[in-house]
Structure formats: C-alpha cells, structure tokens
Amino acid sequence: MQDRLVGSYEEQKRVMNLSLAAAVVLLGAKVTGAVVTGSSAIYSDAAESVVHFLAVCFAVWALRLAHKPADETHHFGHDKVAFLSAGFEGAMISAAALLIFYEAVRQMLSGVEIQQIGLGIAITASAAGVNLVLGLSLLAVGKRSGSPLLRANGHHVLTDVWSSAAVLVALLLYKTTGWVWWDPIAAILAALNILRVGYKLIRESLGGLLDEADLEVEGRIRSLLDQQVNSHGVSYHNLRHRHSGRTHWVEFHLVFDDSLTVGEAHVVATRIESCVADLLKPDGRVISHLEPKSAEHDVEAWEGR
Ligand SMILES: [Zn+2]
Ligand SMILES: [Zn+2]
C-alpha cells in the first residue's frame, strides 16, 4: 500500500510540474498576444495567466507540504493544506475575473481596435489545446489519488479552455462581421464562467477546512458498521468522520456486554476498525472507544438517534 501511495505522489508531482511549465509558457505567449493584437479578450486571457501562474506556484508548494508525514507538531499530517491551496486558487481566479470584467467594460466605452487577428487566433488556439490535455490529465490523476489540490487545478485549467474558446469565437466573429463588441462581450462571458468556477473551488475548500461530512461516505460507513455490529452482537454510537485531503479519519463508540473482558472486546473492536479502514482505502484511520452496556451514554446531537 505504501508503494502505491508513493507512486501516486510521484505521478501527482509530475503532472503538477507540467502544469507549472505550461503556466510559464502560456503566460509568455498570452502577454505577447495581448500586446500585439490589442484585443480585450486576449488581454483578459493574459491577465488570468498572471494569477494562474501564482496559483500553480502555490499549489506546487502545497502538494509538497501535503505529503510531509505527521511530526511532533502536526499529529494529523499536513494534507489539509490541499484544501487551502484549492481555496487560494479559487480566490485568485475570481480576482482575475473581476479584472477582466473591468477591462472589458473599459474597452466597450473607449472603443476597441484589434490588429493581427491571425496571430491572436493562433496563440489562443494553441493555449486551448495545451490546457485541454493538461486539464484532463490533472483531473484524471486527481480523481485517482483523491487529491482536492489536483482536482482544483484541473477544474481551473479546463475553465481556461472555455475562456480561450470564447476568445476564439469572438475573434472569428469580429473578423467576419467587423462588429468590435464581440471582443469585450466574449471577455465578459469568460469572466462570468471563471467566477462560477472560483466560487465552486472556494466552497469546496471551506467544506474541507471545516471538516464537512461527506454524506455518501457516511452512508457507506454506516451500512458496514450496521452489518459488523450485528454479526458481533455489539452496538455503536457517536460516529464521527472527517476527510483531511488524503486521509479519512473515523471514530465511534462500541458498546459491549459487561461480561466480556477488555481483551475479548478489544479483539472485536480491532476487527471492526480494520473493516472500516479497508472501506476507506487508500488511507483510512479508524479508532473506537470501548464501553460496557451498563455505562453506555450516547447524547451527541449530530447523530440524531
Ligand atoms: Zn488559469
Ligand atoms: Zn459512548
């Protein structure tokens, strides 16, 4: 299991380094495109590239930190930083969206003049192609490893594909119709889409940082626990679980007959714990509190039982 985790970390590092390399190359290309064409849609794309680069730098650093093992001052590991990175990415692209919006309105008021449309189309189309392949790879590795950091970066990169597509359509329409407003209109549409994704990333990040319970996972834990306690003739209460980015932490109380010894109860508890840990692969950590029926207490409000 350790090998698979390490392998998956190597894969995550590789795809994030690719993401960083793409961010640097596309930043250069888009800034050139914006200066040469004067298009507000390409300018928007370039402005987004600047924050994009910063967000990916943060994510590359966060990925390293997330994989540092637990130490004396961080007993639960460092993987929660992945949620912080996803939120930072969401906040950065939202800021870019506001800048794009402002620039588009400014250009609408002052008039737009676009030059070298052919070059603008070539740069934007290449960027879209690179980001499409990269975004899909990030999402695939993110899903495989369960990493919120890679998923966030993947969703962000795919959003940029849509932005580039909007720019391309605008440039082509401008070329065929000659109507200059296509350009800022495309920029505004792209900005709205970026805001939508930014909100989603921030929302997911807050959910992770505040240990929001995943109800789908909870359903699976409960049905396994129900089946396990029935077969062992015990009962459980006060189930709590949280996901820290890579590791799923679970705790619950197990109630045993007073006649059992601590040793006997411990054997059963260990068996149930390892069943639940298996359910939450690749990294489930489970701990149970043992109590006798005569001293049972279960008053946690969130359990609703
Ligand atoms: Zn971006
Ligand atoms: Zn209890």
# chains A, B, ... in the order shown; residues from 1 in each chain; ligands from 1
>>> residues_near_ligand(ligand="ligand 2", cutoff="9 Å", atoms="only C-alpha atoms and all ligand atoms", output="compact mmCIF listing (two decimals) with C-alpha atoms, in the first residue's frame")
# COMPACT_ATOMS: atom_id res chain seq x y z
CA TYR A 236 -22.24 1.57 18.22
CA HIS A 237 -22.93 5.28 18.56
CA ASN A 238 -21.22 8.67 18.26
CA PHE A 252 -17.07 5.71 17.05
CA HIS A 253 -18.05 4.15 20.37
CA LEU A 254 -18.63 0.40 20.63
CA VAL A 255 -20.85 -0.99 23.39
CA HIS A 289 -13.88 3.83 22.18
CA LEU A 290 -14.97 0.76 24.12
CA GLU A 291 -17.69 0.88 26.76
CA ALA A 295 -22.11 2.64 31.38
CA GLU A 296 -23.40 3.41 27.87
CA HIS A 297 -24.02 7.04 27.01
CA ASP A 298 -24.91 8.44 23.61
CA VAL A 299 -26.02 12.01 23.62
CA GLU A 300 -24.28 13.53 20.61
>>> residues_around(residues="range 30-32 of chain A", least_positions_apart="5", cutoff="7 Å", atoms="only C-alpha atoms", output="JSON, numbers by chain")
{"A": [42, 45, 46, 123]}
>>> write_last_selection(atoms="N, CA and C atoms", output="PDB file, in the first residue's frame")
ATOM      1  N   ILE A  42      -8.161  38.824 -25.440  1.00  0.00           N
ATOM      2  CA  ILE A  42      -6.832  38.220 -25.244  1.00  0.00           C
ATOM      3  C   ILE A  42      -6.138  38.848 -24.039  1.00  0.00           C
ATOM      4  N   ASP A  45      -7.366  37.085 -21.082  1.00  0.00           N
ATOM      5  CA  ASP A  45      -6.725  35.782 -21.005  1.00  0.00           C
ATOM      6  C   ASP A  45      -5.317  35.934 -20.414  1.00  0.00           C
ATOM      7  N   ALA A  46      -4.604  36.988 -20.817  1.00  0.00           N
ATOM      8  CA  ALA A  46      -3.242  37.220 -20.330  1.00  0.00           C
ATOM      9  C   ALA A  46      -3.258  37.603 -18.847  1.00  0.00           C
ATOM     10  N   ILE A 123      -2.278  31.888 -31.257  1.00  0.00           N
ATOM     11  CA  ILE A 123      -1.832  31.770 -29.862  1.00  0.00           C
ATOM     12  C   ILE A 123      -2.943  31.200 -28.985  1.00  0.00           C
TER      13      ILE A 123
END
>>> residues_near_ligand(ligand="ligand 1", cutoff="10 Å", atoms="only C-alpha atoms and all ligand atoms", output="ChimeraX atom specification")
/A:23,26-27,45-56,89-90,92-93,96,131,153-161,163,194
>>> closest_residue(among="A:Ser44, A:Ser259, A:Ser294, A:Gln227", to="Cys275 in chain A", atoms="only C-alpha atoms")
A:Gln227
>>> closest_atom_pairs(of="range 158-236 of chain A", to="range 102-119 of chain A", cutoff="7 Å", atoms="only C-alpha atoms", output="CSV")
residue,atom,partner,partner_atom,distance
A:Leu171,CA,A:Ile117,CA,6.8
A:Val180,CA,A:Val112,CA,6.2
A:Trp181,CA,A:Met108,CA,6.8
A:Pro184,CA,A:Ala104,CA,4.7
A:Ala187,CA,A:Ala104,CA,6.2
A:Ile188,CA,A:Ala104,CA,6.5
>>> residues_around(residues="Asp79 in chain A", least_positions_apart="4", cutoff="8 Å", atoms="only C-alpha atoms", output="VMD selection string")
chain A and resid 65 to 68 244 to 247
>>> select_by_dssp(residues="range 72-231 of chain A", states="helix (DSSP H, G or I)", output="count of residues only")
134
>>> closest_residue(among="A:Arg64, A:His266, A:Lys13, A:Arg151", to="Ser205 in chain A", atoms="only C-alpha atoms")
A:Arg151
>>> atom_distance(atom1="CA of Val234 in chain A", atom2="CA of Leu260 in chain A")
11.0 Å
>>> select_by_dssp(residues="range 143-301 of chain A", states="strand (DSSP E)", output="VMD selection string")
chain A and resid 235 to 243 248 to 256 284 to 292
>>> atom_distance(atom1="CA of Ser8 in chain A", atom2="CA of Ala140 in chain A")
11.7 Å
>>> atom_distance(atom1="CA of Leu209 in chain A", atom2="CA of Lys80 in chain A")
7.0 Å
>>> closest_residue(among="A:Gly263, A:Gly178, A:Gly120, A:Gly77", to="Val35 in chain A", atoms="only C-alpha atoms")
A:Gly120
>>> residues_around(residues="Trp61 in chain A", least_positions_apart="6", cutoff="10 Å", atoms="only C-alpha atoms", output="list in words")
Met16, Val81, Ala82 and Ser85 of chain A
